[in-house]
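Notes follow the structure.
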Amino acid sequence: MSKTLIAYFSASGVTARAAREMAAAIGADLYEIRPAQPYTSADLNWMDKGSRSTLEMNDPACRPAIAAPVEDMGQYDTVFVGFPVWWYVEPRIVDTFLESCDFSGKMLIPFATSGGSGISGAERSMRALCPKADWKPGKLVNSGAAAWAKSVLGK
């Protein structure tokens, strides 16, 4: 029997709500990609060129530390990876997560929340980080997250 994980990073709670909705609908485990150093409101002020989020996103090599790793990633065959779109791609902490696990042969499915940006830039970036994963097309899930997750898994 295959096991599914929904791993997500959420700065404001929007992506967390979508992840919880999806997990309940498909019976998946949840893992929050939490930063070792939590983000403050000032850190997330994208209009401030000196804010933490802006500095991280301006440095493609930046990999913010994660508070705790996933327990036993080997048990999962399918991993949904959720995040808010920042600067047209996934936040750097999602890159930390992707590079911290071996996703070879696992099905990875990105999902994102966004006020206006698409997910295509993030999909390209994430595929480059984990080329041995079996990537499926992602989706913006500002609404209808549960129904989409079910359709992806054929439930």
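Residues in the structure tokens are named by chain (A, B, ... in the order shown) and by number from 1 within that chain; ligands are numbered from 1 in the order shown.
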
Determine, counting only C-alpha atoms, which protein, DNA and RNA residues have an atom within 8 Å of an atom of stretch 98-112 of chain A; residues of the same chain fewer than 4 positions away are not included. Present the result as an MDAnalysis selection string. chainID A and resid 15 73 76:85 94 119 123 126 129:142

Backbone DSSP call of helix (DSSP H, G or I) for chain A, listed as a PyMOL selection string: chain A and resi 14-26+52-57+73-75+92-100+120-129+145-153

Length of the atom CA of A:Arg20 to atom CA of A:Thr54 vector [Å]: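 Separation of atom CA of A:Arg20 and atom CA of A:Thr54: 27.4 Å.
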
Selection: 12 Å around A:Glu71, only C-alpha atoms, excl. self and same-chain fewer than 6 positions, as a list in words: Leu5, Ala7, Asp29, Leu30, Tyr31, Glu32 and Cys101 of chain A

Pick from A:Asp72, A:Asp43, A:Asp95, A:Glu56, whichever lies nearest to A:Ala128 using only C-alpha atoms: A:Asp95

Which residues come within 12 Å of A:Ser143, counting only C-alpha atoms, excluding same-chain residues fewer than 2 positions away, as a list in words?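 Neighbouring residues, sequence-local ones excluded: Val14, Thr15, Arg17, Ala18, Ala19, Glu21, Met22, Phe111, Ala112, Thr113, Ser114, Gly115, Lys139, Leu140, Val141, Ala145, Ala146, Ala147, Trp148 and Ala149 of chain A.
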
Restricting the output to C-alpha atoms, write the selected residues as a compact mmCIF listing (two decimals), in the first residue's frame.
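And here is the file that came out, selection.txt:
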# COMPACT_ATOMS: atom_id res chain seq x y z
CA VAL A 14 -2.93 30.05 3.64
CA THR A 15 -0.83 27.13 2.38
CA ARG A 17 -5.06 25.45 5.32
CA ALA A 18 -4.81 23.98 1.81
CA ALA A 19 -2.41 21.26 3.04
CA GLU A 21 -7.71 20.17 3.59
CA MET A 22 -5.83 17.94 1.16
CA PHE A 111 1.09 22.79 -5.12
CA ALA A 112 1.16 26.46 -4.32
CA THR A 113 -0.87 29.38 -3.13
CA SER A 114 -0.44 32.78 -4.69
CA GLY A 115 -2.11 36.10 -5.03
CA LYS A 139 -1.30 23.44 -9.43
CA LEU A 140 -2.18 26.67 -7.69
CA VAL A 141 -4.70 25.67 -5.03
CA ALA A 145 -7.33 21.82 -2.95
CA ALA A 146 -9.06 18.66 -1.70
CA ALA A 147 -10.83 17.92 -4.97
CA TRP A 148 -7.60 18.45 -6.93
CA ALA A 149 -5.57 16.16 -4.63

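Excluding A:Ala122 and any residue on its chain fewer than 2 positions from it, the residues at most 7 Å away by only C-alpha atoms are Tyr88, Val89, Glu90, Ile119, Ser120, Arg124, Ser125 and Met126 of chain A.
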
The selected residues should be written to file as a PDB file, in the first residue's frame (atoms: N, CA and C atoms).
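Result file selection05.pdb:
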ATOM      1  N   TYR A  88       8.118  34.414  -7.921  1.00  0.00           N
ATOM      2  CA  TYR A  88       7.802  33.524  -9.046  1.00  0.00           C
ATOM      3  C   TYR A  88       8.293  32.097  -8.882  1.00  0.00           C
ATOM      4  N   VAL A  89       8.891  31.749  -7.735  1.00  0.00           N
ATOM      5  CA  VAL A  89       9.357  30.388  -7.471  1.00  0.00           C
ATOM      6  C   VAL A  89       9.004  29.986  -6.042  1.00  0.00           C
ATOM      7  N   GLU A  90       9.469  28.830  -5.641  1.00  0.00           N
ATOM      8  CA  GLU A  90       9.257  28.357  -4.276  1.00  0.00           C
ATOM      9  C   GLU A  90      10.215  29.066  -3.325  1.00  0.00           C
ATOM     10  N   ILE A 119       2.647  28.878 -11.067  1.00  0.00           N
ATOM     11  CA  ILE A 119       3.506  27.875 -10.437  1.00  0.00           C
ATOM     12  C   ILE A 119       4.600  27.370 -11.379  1.00  0.00           C
ATOM     13  N   SER A 120       4.578  27.747 -12.641  1.00  0.00           N
ATOM     14  CA  SER A 120       5.502  27.162 -13.622  1.00  0.00           C
ATOM     15  C   SER A 120       6.980  27.414 -13.303  1.00  0.00           C
ATOM     16  N   ARG A 124       9.815  24.318 -12.607  1.00  0.00           N
ATOM     17  CA  ARG A 124      11.122  24.175 -13.281  1.00  0.00           C
ATOM     18  C   ARG A 124      12.254  24.122 -12.269  1.00  0.00           C
ATOM     19  N   SER A 125      12.211  25.017 -11.307  1.00  0.00           N
ATOM     20  CA  SER A 125      13.254  25.087 -10.288  1.00  0.00           C
ATOM     21  C   SER A 125      13.310  23.806  -9.462  1.00  0.00           C
ATOM     22  N   MET A 126      12.159  23.313  -9.046  1.00  0.00           N
ATOM     23  CA  MET A 126      12.100  22.130  -8.197  1.00  0.00           C
ATOM     24  C   MET A 126      12.541  20.879  -8.952  1.00  0.00           C
TER      25      MET A 126
END
